[in-house]
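Undergrad: So here's run_8.txt, just compact mmCIF, C-alpha atoms:
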# COMPACT_ATOMS: atom_id res chain seq x y z
CA MET M 22 -37.93 62.72 14.74
CA LEU M 23 -41.42 62.34 16.22
CA LYS M 24 -42.94 63.19 12.86
CA ALA M 25 -40.83 60.52 11.19
CA ASN M 26 -41.91 57.92 13.75
CA TYR M 27 -45.59 58.70 13.14
CA SER M 28 -44.94 58.41 9.42
CA ASN M 29 -43.40 54.97 9.88
CA ILE M 30 -46.32 53.84 12.03
CA TRP M 31 -48.84 54.89 9.41
CA LYS M 32 -46.80 53.14 6.72
CA TYR M 33 -46.80 49.98 8.86
CA PHE M 34 -50.57 50.06 9.36
CA GLY M 35 -51.04 50.85 5.68
CA PHE M 36 -48.95 47.81 4.74
CA ILE M 37 -50.94 45.58 7.12
CA LEU M 38 -54.23 46.87 5.71
CA LEU M 39 -53.05 46.37 2.12
CA PHE M 40 -51.74 42.87 2.88
CA THR M 41 -54.95 41.87 4.64
CA THR M 42 -57.08 43.22 1.80
CA ILE M 43 -55.08 41.37 -0.86
CA LEU M 44 -55.08 38.16 1.18
CA SER M 45 -58.84 38.41 1.72
CA ALA M 46 -59.40 38.95 -2.01
CA VAL M 47 -57.28 35.92 -2.92
CA LEU M 48 -59.02 33.72 -0.35
CA TYR M 49 -62.47 35.16 -0.89
CA LYS M 50 -65.38 32.75 -0.59
CA PRO M 51 -68.87 34.18 -0.75
CA LEU M 52 -70.74 34.17 2.54
CA PRO M 53 -74.32 32.89 2.22
CA GLU M 54 -77.16 35.38 1.81
CA GLY M 55 -78.31 36.64 5.19
CA PHE M 56 -75.02 35.91 6.96
CA THR M 57 -74.63 38.81 9.46
CA LYS M 58 -77.13 41.64 9.79
CA THR M 59 -75.48 44.84 8.56
CA LYS M 60 -73.25 45.77 5.64
CA MET M 61 -70.42 46.67 7.99
CA ASP M 62 -70.69 43.30 9.75
CA ARG M 63 -70.50 41.56 6.41
CA ILE M 64 -67.39 43.54 5.44
CA ILE M 65 -65.77 42.64 8.75
CA MET M 66 -66.55 38.93 8.35
CA ASN M 67 -65.30 38.94 4.76
CA ILE M 68 -61.94 39.91 6.26
CA VAL M 69 -62.06 37.87 9.48
CA GLU M 70 -63.28 34.58 7.99
CA PRO M 71 -60.40 34.10 5.49
CA ALA M 72 -57.96 35.26 8.17
CA LEU M 73 -59.27 32.47 10.41
CA ARG M 74 -58.85 29.98 7.59
CA VAL M 75 -55.22 30.98 7.14
CA ALA M 76 -54.45 31.17 10.86
CA TYR M 77 -55.89 27.88 12.06
CA TYR M 78 -58.24 26.05 9.67
CA TYR M 79 -55.82 25.25 6.83
CA PRO M 80 -52.73 24.64 9.01
CA SER M 81 -54.64 22.39 11.41
CA ARG M 82 -55.51 20.06 8.51
CA LEU M 83 -51.82 19.50 7.83
CA PHE M 84 -51.27 17.61 11.08
CA SER M 85 -51.53 13.82 10.98
CA LYS M 86 -52.54 13.58 14.64
CA PRO M 87 -55.84 15.10 15.80
CA SER M 88 -54.21 16.01 19.13
CA SER M 89 -51.70 18.14 17.20
CA MET M 90 -54.59 19.70 15.28
CA VAL M 91 -56.15 20.66 18.62
CA TRP M 92 -52.84 22.06 19.84
CA TRP M 93 -52.40 24.29 16.78
CA THR M 94 -56.02 25.49 16.77
CA ARG M 95 -55.79 26.29 20.46
CA LEU M 96 -52.57 28.26 19.96
CA ALA M 97 -53.88 30.22 16.96
CA LEU M 98 -57.26 31.10 18.46
CA ASN M 99 -55.75 32.13 21.78
CA HIS M 100 -53.55 34.65 19.98
CA MET M 101 -56.24 35.90 17.61
CA SER M 102 -58.83 36.31 20.35
CA SER M 103 -56.58 38.83 22.09
CA THR M 104 -57.45 41.30 19.30
CA LEU M 105 -61.19 41.06 20.01
CA GLY M 106 -63.09 43.22 22.47
CA ILE M 107 -60.37 45.88 22.57
CA THR M 108 -63.03 48.61 22.48
CA VAL M 109 -64.46 47.39 25.79
CA ASN M 110 -63.11 49.63 28.53
CA THR M 111 -64.38 49.10 32.05
CA ASN M 112 -61.39 50.47 33.95
CA GLY M 113 -62.50 51.80 37.29
CA VAL M 114 -65.90 50.13 37.02
CA VAL M 115 -65.00 46.44 37.23
CA SER M 116 -62.40 44.71 39.36
CA SER M 117 -61.22 41.20 38.57
CA PHE M 118 -59.10 38.66 40.36
CA TRP M 119 -58.31 34.94 40.35
CA ARG M 120 -59.23 32.41 43.02
CA ASN M 121 -58.90 28.65 43.38
CA TRP M 122 -62.13 26.93 44.40
CA ASN M 123 -61.96 23.23 45.23
CA GLY M 124 -58.88 22.90 43.04
CA VAL M 125 -60.40 24.83 40.11
CA ASN M 126 -59.17 28.25 38.98
CA VAL M 127 -61.88 30.85 38.51
CA LYS M 128 -61.77 34.52 37.58
CA ILE M 129 -64.14 36.76 39.48
CA TYR M 130 -65.52 39.99 38.05
CA GLN M 131 -67.05 42.44 40.51
CA PRO M 132 -68.74 45.79 39.97
CA LEU M 133 -67.08 48.74 41.68
CA TYR M 134 -67.10 48.26 45.46
CA ASN M 135 -69.13 45.06 44.84
CA LYS M 136 -72.34 47.09 45.03
CA THR M 137 -74.52 45.04 42.71
CA GLU M 138 -78.00 45.94 41.59
CA THR M 139 -79.22 42.36 41.77
CA ASN M 140 -77.32 40.88 44.75
CA GLY M 141 -77.04 37.87 42.47
CA ALA M 142 -74.35 36.40 40.25
CA VAL M 143 -73.71 34.66 36.94
CA LEU M 144 -71.48 31.58 36.70
CA PHE M 145 -69.99 31.35 33.21
CA ILE M 146 -68.52 28.29 31.45
CA HIS M 147 -66.67 29.04 28.21
CA GLY M 148 -67.01 27.18 24.92
CA GLY M 149 -64.48 25.62 22.58
CA GLY M 150 -65.52 22.01 21.99
CA PHE M 151 -64.13 20.97 25.40
CA ALA M 152 -60.70 21.34 23.75
CA LEU M 153 -60.24 25.07 23.04
CA GLY M 154 -60.76 28.42 24.71
CA ASN M 155 -60.01 29.72 28.16
CA VAL M 156 -61.18 32.36 30.61
CA GLU M 157 -59.03 35.10 29.06
CA MET M 158 -60.65 34.57 25.65
CA TYR M 159 -63.94 35.72 27.20
CA ASP M 160 -62.46 38.42 29.43
CA SER M 161 -63.87 41.41 27.51
CA LEU M 162 -67.34 39.82 27.44
CA MET M 163 -67.27 39.20 31.18
CA ARG M 164 -66.12 42.77 31.85
CA ARG M 165 -68.78 44.22 29.60
CA MET M 166 -71.62 42.21 31.15
CA THR M 167 -70.41 42.83 34.70
CA ALA M 168 -70.37 46.57 34.05
CA GLU M 169 -73.64 46.78 32.12
CA MET M 170 -75.57 44.53 34.52
CA ASN M 171 -73.80 45.74 37.64
CA THR M 172 -73.72 42.09 38.67
CA MET M 173 -70.95 39.73 39.74
CA PHE M 174 -69.65 37.20 37.17
CA VAL M 175 -67.49 34.12 37.77
CA SER M 176 -65.68 32.52 34.81
CA ILE M 177 -64.57 28.92 35.32
CA GLU M 178 -61.23 27.64 33.97
CA TYR M 179 -61.99 23.93 33.59
CA ARG M 180 -59.44 21.50 32.19
CA LEU M 181 -59.52 20.71 28.47
CA VAL M 182 -59.36 17.63 26.26
CA PRO M 183 -57.45 15.66 25.20
CA GLU M 184 -55.33 16.17 28.35
CA THR M 185 -58.40 15.69 30.60
CA VAL M 186 -61.46 13.72 29.52
CA PHE M 187 -64.99 13.19 30.83
CA PRO M 188 -65.90 13.42 33.65
CA GLY M 189 -62.89 15.49 34.77
CA ASN M 190 -63.96 18.61 32.85
CA LEU M 191 -67.54 18.39 34.16
CA LEU M 192 -66.37 17.79 37.73
CA ASP M 193 -64.16 20.90 37.55
CA CYS M 194 -67.26 22.96 36.77
CA GLU M 195 -69.32 21.25 39.45
CA ASN M 196 -66.62 21.68 42.08
CA ALA M 197 -66.40 25.41 41.37
CA VAL M 198 -70.20 25.78 41.41
CA ASP M 199 -70.46 23.84 44.68
CA TYR M 200 -67.81 26.03 46.30
CA PHE M 201 -69.61 29.15 45.16
CA PHE M 202 -72.95 28.10 46.63
CA ALA M 203 -71.30 27.10 49.90
CA ASN M 204 -69.32 30.33 50.33
CA ALA M 205 -70.73 33.12 48.14
CA ALA M 206 -73.05 34.59 50.76
CA ALA M 207 -70.29 34.95 53.36
CA GLU M 208 -67.46 35.94 51.00
CA PHE M 209 -69.29 38.21 48.56
CA GLY M 210 -72.67 39.03 50.08
CA ILE M 211 -74.41 37.22 47.22
CA ASP M 212 -78.03 36.14 47.48
CA THR M 213 -77.58 32.51 46.42
CA SER M 214 -81.22 32.28 45.33
CA LYS M 215 -80.27 34.67 42.51
CA VAL M 216 -77.61 32.70 40.66
CA VAL M 217 -77.72 31.96 36.92
CA ILE M 218 -75.44 29.50 35.15
CA MET M 219 -74.42 30.37 31.59
CA GLY M 220 -72.31 28.81 28.86
CA ASP M 221 -71.73 28.84 25.12
CA SER M 222 -71.24 25.83 22.83
CA ALA M 223 -69.46 23.15 24.89
CA GLY M 224 -69.84 25.52 27.84
CA GLY M 225 -73.59 25.36 27.23
CA ASN M 226 -73.34 21.59 27.44
CA LEU M 227 -71.47 21.75 30.75
CA ALA M 228 -73.78 24.44 32.14
CA THR M 229 -76.97 22.48 31.50
CA VAL M 230 -75.44 19.20 32.69
CA VAL M 231 -74.49 20.91 35.95
CA ALA M 232 -78.08 22.21 36.16
CA GLN M 233 -79.53 18.76 35.40
CA ARG M 234 -77.37 17.02 37.99
CA ARG M 235 -78.18 19.60 40.67
CA ASN M 236 -81.84 19.18 39.85
CA GLU M 237 -81.68 15.37 40.09
CA ARG M 238 -80.04 15.41 43.50
CA ASN M 239 -82.31 18.23 44.74
CA ALA M 240 -79.30 20.41 45.52
CA VAL M 241 -79.97 23.67 47.28
CA PRO M 242 -79.85 26.54 46.75
CA LYS M 243 -81.48 25.99 43.39
CA LEU M 244 -80.23 27.76 40.31
CA ALA M 245 -82.39 30.73 39.39
CA GLY M 246 -81.83 30.19 35.68
CA GLN M 247 -79.64 28.86 32.90
CA VAL M 248 -78.50 30.61 29.71
CA LEU M 249 -77.46 28.22 26.93
CA ILE M 250 -75.82 29.84 23.92
CA TYR M 251 -75.73 27.63 20.80
CA PRO M 252 -75.26 24.61 23.09
CA LEU M 253 -73.69 21.32 22.07
CA VAL M 254 -76.15 18.75 23.46
CA GLN M 255 -76.20 15.59 21.33
CA MET M 256 -74.30 13.27 19.03
CA ALA M 257 -77.24 11.03 18.13
CA ASP M 258 -77.94 12.67 14.78
CA MET M 259 -75.15 14.27 12.78
CA GLN M 260 -77.44 14.70 9.77
CA THR M 261 -80.00 17.21 10.99
CA ILE M 262 -80.98 19.92 8.52
CA SER M 263 -78.51 22.38 10.06
CA TYR M 264 -75.70 19.84 9.57
CA ARG M 265 -76.77 19.19 5.97
CA TYR M 266 -77.06 22.92 5.26
CA PHE M 267 -73.42 23.24 6.24
CA PHE M 268 -72.23 20.89 3.50
CA ASP M 269 -74.16 22.76 0.80
CA HIS M 270 -73.54 26.37 1.85
CA LEU M 271 -70.82 26.67 4.53
CA ASP M 272 -68.31 23.91 3.77
CA GLY M 273 -64.79 25.29 3.48
CA LEU M 274 -65.49 28.34 5.62
CA ALA M 275 -63.82 28.75 9.02
CA LEU M 276 -66.99 27.93 10.95
CA VAL M 277 -67.57 25.01 13.29
CA ASP M 278 -67.81 21.92 11.09
CA PRO M 279 -69.15 18.36 11.54
CA GLU M 280 -65.75 16.68 11.58
CA SER M 281 -64.46 18.97 14.33
CA VAL M 282 -67.55 18.29 16.45
CA ALA M 283 -66.99 14.56 16.02
CA TYR M 284 -63.31 14.84 16.95
CA TYR M 285 -63.94 16.99 20.02
CA TYR M 286 -66.87 14.97 21.33
CA MET M 287 -64.98 11.69 20.94
CA PHE M 288 -61.92 13.17 22.63
CA TYR M 289 -64.24 14.30 25.44
CA ALA M 290 -65.70 10.79 25.71
CA GLY M 291 -62.19 9.46 26.33
CA ILE M 292 -61.55 7.92 22.90
CA ASN M 293 -57.96 8.21 21.67
CA MET M 294 -58.57 9.99 18.37
CA ASP M 295 -54.90 9.83 17.39
CA GLU M 296 -55.54 6.10 17.02
CA LYS M 297 -59.20 6.17 15.99
CA LYS M 298 -59.41 9.18 13.67
CA TYR M 299 -60.60 6.97 10.81
CA LEU M 300 -63.95 6.63 12.63
CA VAL M 301 -64.87 10.28 12.07
CA LYS M 302 -66.13 9.58 8.54
CA ASN M 303 -68.54 7.04 10.03
CA VAL M 304 -69.73 9.30 12.82
CA VAL M 305 -70.63 12.24 10.54
CA THR M 306 -73.00 9.96 8.59
CA ASN M 307 -74.52 8.44 11.78
CA GLY M 308 -72.70 5.16 11.27
CA HIS M 309 -71.96 5.14 14.99
CA ILE M 310 -75.61 4.55 15.92
CA SER M 311 -76.39 0.90 16.60
CA LYS M 312 -79.90 -0.48 16.11
CA THR M 313 -80.07 -1.31 19.82
CA VAL M 314 -80.09 2.38 20.81
CA GLN M 315 -81.92 3.82 17.79
CA GLN M 316 -85.37 3.31 19.32
CA ASP M 317 -84.40 5.16 22.52
CA ILE M 318 -82.90 7.96 20.46
CA ASN M 319 -86.02 8.27 18.32
CA LYS M 320 -88.17 8.63 21.43
CA ILE M 321 -86.01 11.41 22.85
CA MET M 322 -85.91 13.22 19.48
CA GLU M 323 -89.52 12.58 18.46
CA HIS M 324 -90.18 16.29 17.79
CA LYS M 325 -87.21 16.64 15.45
CA HIS M 326 -89.13 16.20 12.19
CA SER M 327 -91.72 18.88 12.90
CA LEU M 328 -89.04 21.31 14.06
CA GLU M 329 -86.98 20.71 10.92
CA ILE M 330 -90.01 21.50 8.75
CA THR M 331 -90.53 24.75 10.66
CA ASN M 332 -86.85 25.71 10.46
CA ASN M 333 -86.08 24.77 6.87
CA TYR M 334 -83.76 27.63 5.84
CA LYS M 335 -86.50 29.25 3.77
CA ASN M 336 -85.82 28.53 0.08
CA ALA M 337 -82.27 27.25 0.47
CA THR M 338 -81.43 23.92 -1.13
CA ILE M 339 -80.81 21.24 1.47
CA LYS M 340 -79.13 18.02 0.39
CA SER M 341 -80.76 14.73 1.29
CA ARG M 342 -79.35 12.64 4.08
CA SER M 343 -76.10 10.96 3.11
CA ASN M 344 -75.85 7.19 3.06
CA VAL M 345 -74.95 5.87 6.49
CA GLU M 346 -71.43 4.44 6.59
CA GLU M 347 -71.79 1.95 9.40
CA SER M 348 -68.92 1.07 11.69
CA ILE M 349 -69.36 -1.70 14.24
CA GLU M 350 -66.22 -0.44 15.99
CA ALA M 351 -67.67 3.07 16.36
CA GLN M 352 -70.98 1.63 17.51
CA ASN M 353 -69.31 -0.51 20.17
CA LEU M 354 -67.19 2.40 21.39
CA LEU M 355 -70.07 4.88 21.60
CA LYS M 356 -73.02 2.66 22.54
CA PRO M 357 -72.33 2.98 26.30
CA LEU M 358 -72.07 6.78 25.94
CA LEU M 359 -74.75 7.95 23.49
CA MET M 360 -77.60 7.81 26.00
CA ASN M 361 -75.50 9.16 28.89
CA PRO M 362 -77.09 12.55 29.71
CA ASP M 363 -74.00 13.66 31.61
CA ILE M 364 -72.22 13.76 28.23
CA PHE M 365 -75.19 14.38 25.93
CA PRO M 366 -77.73 16.40 27.96
CA LEU M 367 -80.46 16.19 25.29
CA MET M 368 -80.69 12.48 26.21
CA ARG M 369 -81.93 13.22 29.75
CA LYS M 370 -85.35 11.56 29.80
CA ASN M 371 -86.90 13.79 32.46
CA LEU M 372 -86.21 17.53 32.16
CA SER M 373 -88.92 18.69 34.56
CA GLY M 374 -87.83 20.83 37.48
CA LEU M 375 -84.97 22.53 35.65
CA PRO M 376 -84.61 26.29 36.21
CA PRO M 377 -86.02 28.91 33.81
CA THR M 378 -83.98 28.74 30.64
CA LEU M 379 -82.85 30.98 27.81
CA VAL M 380 -81.68 29.08 24.71
CA LEU M 381 -79.97 31.05 21.94
CA THR M 382 -79.33 29.49 18.53
CA CYS M 383 -77.95 30.81 15.24
CA GLU M 384 -79.15 30.16 11.71
CA PHE M 385 -75.66 29.57 10.29
CA ASP M 386 -74.62 26.96 12.84
CA ILE M 387 -74.64 23.18 12.56
CA LEU M 388 -75.79 23.06 16.21
CA ARG M 389 -78.89 25.14 15.51
CA ASP M 390 -81.36 22.25 15.35
CA GLU M 391 -80.27 20.52 18.54
CA GLY M 392 -80.52 23.78 20.48
CA ILE M 393 -84.04 24.34 19.14
CA LEU M 394 -84.94 20.74 19.95
CA TYR M 395 -83.61 21.05 23.51
CA ALA M 396 -85.64 24.23 24.03
CA ASP M 397 -88.72 22.42 22.70
CA ARG M 398 -88.21 19.51 25.11
CA LEU M 399 -87.76 21.92 28.01
CA LYS M 400 -91.05 23.63 27.14
CA LYS M 401 -92.84 20.29 26.96
CA ALA M 402 -91.44 19.49 30.42
CA ASP M 403 -93.07 22.73 31.69
CA VAL M 404 -89.73 24.47 32.19
CA PRO M 405 -90.20 28.24 31.59
CA THR M 406 -88.15 28.58 28.41
CA THR M 407 -87.31 31.46 26.08
CA ALA M 408 -85.83 30.45 22.72
CA ILE M 409 -84.27 32.95 20.32
CA ASN M 410 -82.86 31.99 16.92
CA TYR M 411 -80.69 34.69 15.34
CA GLU M 412 -81.49 34.48 11.65
CA ASN M 413 -78.26 36.25 10.67
CA GLY M 414 -76.06 34.73 13.35
CA PHE M 415 -73.31 32.12 13.30
CA HIS M 416 -71.61 29.85 15.79
CA ALA M 417 -69.17 31.62 18.15
CA MET M 418 -70.47 35.07 17.23
CA LEU M 419 -70.52 35.95 20.94
CA ASN M 420 -66.74 36.27 20.73
CA PHE M 421 -67.34 39.24 18.38
CA HIS M 422 -69.69 40.97 20.82
CA SER M 423 -67.99 44.36 20.43
CA GLU M 424 -67.33 44.07 16.68
CA LEU M 425 -70.61 42.80 15.18
CA PHE M 426 -74.08 44.31 15.55
CA GLU M 427 -76.10 41.10 15.99
CA ALA M 428 -73.55 39.66 18.40
CA SER M 429 -73.84 42.80 20.51
CA GLU M 430 -77.63 42.58 20.33
CA SER M 431 -77.48 39.00 21.60
CA VAL M 432 -75.54 40.22 24.65
CA ASN M 433 -78.30 42.76 25.28
CA ASP M 434 -80.91 39.99 25.02
CA ILE M 435 -78.99 37.87 27.52
CA GLU M 436 -78.60 40.76 29.95
CA ARG M 437 -82.30 41.64 29.82
CA TRP M 438 -83.34 38.03 30.39
CA ILE M 439 -80.99 37.55 33.36
CA LEU M 440 -82.05 40.82 34.99
CA ASP M 441 -85.70 39.90 34.51
CA THR M 442 -85.01 36.46 36.01
CA ILE M 443 -83.05 37.41 39.11
CA GLY M 444 -84.53 40.85 39.61
CA ALA M 445 -82.83 44.19 39.18
Transcribe the structure of this file into structure tokens.
TA:
Amino acid sequence: MLKANYSNIWKYFGFILLFTTILSAVLYKPLPEGFTKTKMDRIIMNIVEPALRVAYYYPSRLFSKPSSMVWWTRLALNHMSSTLGITVNTNGVVSSFWRNWNGVNVKIYQPLYNKTETNGAVLFIHGGGFALGNVEMYDSLMRRMTAEMNTMFVSIEYRLVPETVFPGNLLDCENAVDYFFANAAAEFGIDTSKVVIMGDSAGGNLATVVAQRRNERNAVPKLAGQVLIYPLVQMADMQTISYRYFFDHLDGLALVDPESVAYYYMFYAGINMDEKKYLVKNVVTNGHISKTVQQDINKIMEHKHSLEITNNYKNATIKSRSNVEESIEAQNLLKPLLMNPDIFPLMRKNLSGLPPTLVLTCEFDILRDEGILYADRLKKADVPTTAINYENGFHAMLNFHSELFEASESVNDIERWILDTIGA
């Protein structure tokens, strides 16, 4: 009987493997040259990418309402993410538990017996375009980093759009951070001068906005550092080279795309996209930029041209800028928001005084250029800044930290930087 059961199990896995292989072959789209670092990574992504298209990308486009698109994408990614990081096993090394801080749920990860090497902590804000993701999606990453760094991590469960819009999501993060600084020393024995804030994508936006706002009000204790992983920091130019590269080489793949960024950012800004979805076509061509704010934008982004020349995707063909499809309605809706640094942190005029910063960007990511530009502005403001661009990386690769070589290497880079910053 036992033998028969094992036989059935192997037949089941064989069927799944065969089905996945056939599906991947049918849906195959060539990944661009240089996408991922090793042959095995490329094989994995040639299976994962079409699976993502089938699971969320294609179905989400069938919904007439953007809010329904968000709902489906959230549901699909939450289920798929549970299959990632299964090789990470920190049982007996890391303890985790939930707490509610100032009305915000957080998950705390502590090394065994809370005996940390650094006496510091990392506050983590997850990505997902302000609309997707949750603490559990990043659970294996938090466990891995807690164990490898022997340092406490706190993952913040902020509310998502479209149910909650700016500034509610930001205030959730701030409330949790404020509670931590007020109570961490007494509750956890943490040295609050050794605290780093960290976030990826929209979480990188929220992390640096929290850092900027603390800096502007001279809040103490000061953050020891910030780690910004392919951060989402602007909506003033949706036609940078990294955006244009997408249309020529990545369009149709299940990677973060310009339309999704426009939808999520406008949801975050409090615009009802179920009613205003027709404005997305204007936003992705920069038709939402009015002449009255263009001069201010140009001043903030004055280094963009030189950075684009330096980061020109080698010999890849890059399409010219598309014709701007102006929309007075989009301009009127977004004009009060585009220069608001609490939504678009690249627009903060004075970045001096911010904590030491690590900015990670990826070559195959529409957000690459704005991350590089933000790092450049930080350097020019005399903020100690380390910028790393992963030439084989792609947006959201951190979620594959235990499956892909370069993603795992990026975790190692983050860990080294944090330990160097707060002291091992």
Undergrad: For each of M:Asn190, M:Ser373, M:Ser89, M:Gln247, take the minimum atom-to-atom distance to Val143 (chain M), counting all atoms listed in the file, then give the residue where this is smallest.
TA: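 Ranking M:Asn190, M:Ser373, M:Ser89, M:Gln247 by distance to Val143 (chain M), first place goes to M:Gln247.
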Undergrad: Could you check how far CA of Thr442 (chain M) sits from CA of Lys400 (chain M), in Å to one decimal?
TA: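 For CA of Thr442 (chain M) relative to CA of Lys400 (chain M), the distance reads 16.7 Å.
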Undergrad: Please report the interatomic distance between CA of Asp62 (chain M) and CA of Glu280 (chain M) in Å with one decimal.
TA: 27.1 Å
Undergrad: Restricting the calculation to only C-alpha atoms: of M:Leu191, M:Ala337, M:Leu399, M:Leu96, which residue gets closest to Glu54 (chain M)?
TA: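 The closest residue to Glu54 (chain M) is M:Ala337.
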Undergrad: With distances taken over all atoms listed in the file, which residue among M:Ile262, M:Val115, M:Ile64, M:Ile409 lies nearest Lys340 (chain M)?
TA: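 Counting all atoms listed in the file, the residue closest to Lys340 (chain M) is M:Ile262.
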Undergrad: Quick one: residues within 12 Å of Asp317 (chain M), only C-alpha atoms, excluding same-chain residues fewer than 3 positions away - as a PyMOL selection string?
TA: chain M and resi 257+310-314+320-323+356+359-361+368-370
Undergrad: Kindly indicate which residue among M:Met166, M:Leu379, M:Met418, M:Val282 lies nearest to Val404 (chain M), using all atoms listed in the file for the distances.
TA: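 The closest residue to Val404 (chain M) is M:Leu379.
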Undergrad: Choose the residue, out of M:Glu169, M:Asp221, M:Glu427, M:Asp390, that has the smallest atom-to-atom separation from Glu329 (chain M); count all atoms listed in the file.
TA: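 Among M:Glu169, M:Asp221, M:Glu427, M:Asp390, it is M:Asp390 that comes nearest to Glu329 (chain M).
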Undergrad: Give me, please, the distance in Å between CA of Met219 (chain M) and CA of Leu162 (chain M), quoted to one decimal.
TA: 12.5 Å
Undergrad: Near Ser429 (chain M), within 12 Å and counting all atoms listed in the file, which residues show up once chain neighbours fewer than 3 positions away are dropped, as a PyMOL selection string?
TA: chain M and resi 57-58+62+106+109+162+165-166+411+414+418-426+432-436
Undergrad: Near Thr167 (chain M), counting only C-alpha atoms, which residues have an atom at most 7 Å away, once you skip same-chain residues fewer than 5 positions from it, shown as number ranges by chain?
TA: M: 115, 130-132, 172-174
Undergrad: Determine the nearest neighbour of Phe202 (chain M) from the options M:Pro252, M:Gly124, M:Pro242, M:Gly220, counting only C-alpha atoms.
TA: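 Of all the options, M:Pro242 lies closest to Phe202 (chain M).
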Undergrad: Please provide the set of residues having any atom within 10 Å of Ile218 (chain M), restricted to all atoms listed in the file, with same-chain residues fewer than 2 positions apart removed, written as number ranges by chain.
TA: M: 142-146, 174-175, 198, 216, 220, 225, 227-229, 231-232, 244-249, 376, 378, 439
Undergrad: Would you pick out the contacts of Ala402 (chain M) at 9 Å or less, using only C-alpha atoms, so that residues sharing its chain but fewer than 3 positions from it are not included, and give the list as a ChimeraX atom specification?
TA: /M:371-375,397-399,405
Undergrad: With 8 Å as the threshold, what does the neighbourhood of (-68.7, 29.1, 15.2) contain in terms of residues, counting only C-alpha atoms? Coordinates are those of the file; answer as a PyMOL selection string.
TA: chain M and resi 275-277+386+415-418
Undergrad: Please produce a file of the residues just selected, as an mmCIF file, keeping the file's coordinate frame, where the atoms kept are C-alpha atoms.
TA:
data_model
loop_
_atom_site.group_PDB
_atom_site.id
_atom_site.type_symbol
_atom_site.label_atom_id
_atom_site.label_comp_id
_atom_site.auth_asym_id
_atom_site.auth_seq_id
_atom_site.Cartn_x
_atom_site.Cartn_y
_atom_site.Cartn_z
ATOM 1 C CA ALA M 275 -63.820 28.750 9.020
ATOM 2 C CA LEU M 276 -66.990 27.930 10.950
ATOM 3 C CA VAL M 277 -67.570 25.010 13.290
ATOM 4 C CA ASP M 386 -74.620 26.960 12.840
ATOM 5 C CA PHE M 415 -73.310 32.120 13.300
ATOM 6 C CA HIS M 416 -71.610 29.850 15.790
ATOM 7 C CA ALA M 417 -69.170 31.620 18.150
ATOM 8 C CA MET M 418 -70.470 35.070 17.230
#
Undergrad: Step by step: locate region 402-410 of chain M in the block above, keep N, CA, C and O atoms, then write the file as a PDB file, in the first residue's frame.
TA:
ATOM      1  N   ALA M 402      23.834  65.909  -2.164  1.00  0.00           N
ATOM      2  CA  ALA M 402      23.436  66.542  -0.900  1.00  0.00           C
ATOM      3  C   ALA M 402      24.350  66.127   0.247  1.00  0.00           C
ATOM      4  O   ALA M 402      24.052  66.377   1.415  1.00  0.00           O
ATOM      5  N   ASP M 403      25.468  65.457  -0.094  1.00  0.00           N
ATOM      6  CA  ASP M 403      26.468  65.010   0.887  1.00  0.00           C
ATOM      7  C   ASP M 403      25.940  63.948   1.847  1.00  0.00           C
ATOM      8  O   ASP M 403      26.416  63.825   2.982  1.00  0.00           O
ATOM      9  N   VAL M 404      24.952  63.184   1.384  1.00  0.00           N
ATOM     10  CA  VAL M 404      24.493  62.028   2.153  1.00  0.00           C
ATOM     11  C   VAL M 404      25.367  60.836   1.763  1.00  0.00           C
ATOM     12  O   VAL M 404      25.471  60.529   0.573  1.00  0.00           O
ATOM     13  N   PRO M 405      26.021  60.170   2.732  1.00  0.00           N
ATOM     14  CA  PRO M 405      26.834  58.985   2.384  1.00  0.00           C
ATOM     15  C   PRO M 405      25.947  57.942   1.699  1.00  0.00           C
ATOM     16  O   PRO M 405      25.017  57.406   2.314  1.00  0.00           O
ATOM     17  N   THR M 406      26.220  57.689   0.431  1.00  0.00           N
ATOM     18  CA  THR M 406      25.316  56.861  -0.376  1.00  0.00           C
ATOM     19  C   THR M 406      26.084  55.811  -1.159  1.00  0.00           C
ATOM     20  O   THR M 406      27.072  56.111  -1.825  1.00  0.00           O
ATOM     21  N   THR M 407      25.612  54.579  -1.067  1.00  0.00           N
ATOM     22  CA  THR M 407      26.120  53.471  -1.871  1.00  0.00           C
ATOM     23  C   THR M 407      25.038  53.082  -2.860  1.00  0.00           C
ATOM     24  O   THR M 407      23.898  52.828  -2.466  1.00  0.00           O
ATOM     25  N   ALA M 408      25.374  53.068  -4.145  1.00  0.00           N
ATOM     26  CA  ALA M 408      24.405  52.708  -5.181  1.00  0.00           C
ATOM     27  C   ALA M 408      24.910  51.481  -5.928  1.00  0.00           C
ATOM     28  O   ALA M 408      26.047  51.455  -6.392  1.00  0.00           O
ATOM     29  N   ILE M 409      24.060  50.471  -6.015  1.00  0.00           N
ATOM     30  CA  ILE M 409      24.393  49.239  -6.747  1.00  0.00           C
ATOM     31  C   ILE M 409      23.303  48.990  -7.779  1.00  0.00           C
ATOM     32  O   ILE M 409      22.121  48.951  -7.437  1.00  0.00           O
ATOM     33  N   ASN M 410      23.716  48.841  -9.046  1.00  0.00           N
ATOM     34  CA  ASN M 410      22.768  48.457 -10.095  1.00  0.00           C
ATOM     35  C   ASN M 410      23.087  47.035 -10.535  1.00  0.00           C
ATOM     36  O   ASN M 410      24.187  46.752 -11.006  1.00  0.00           O
TER      37      ASN M 410
END
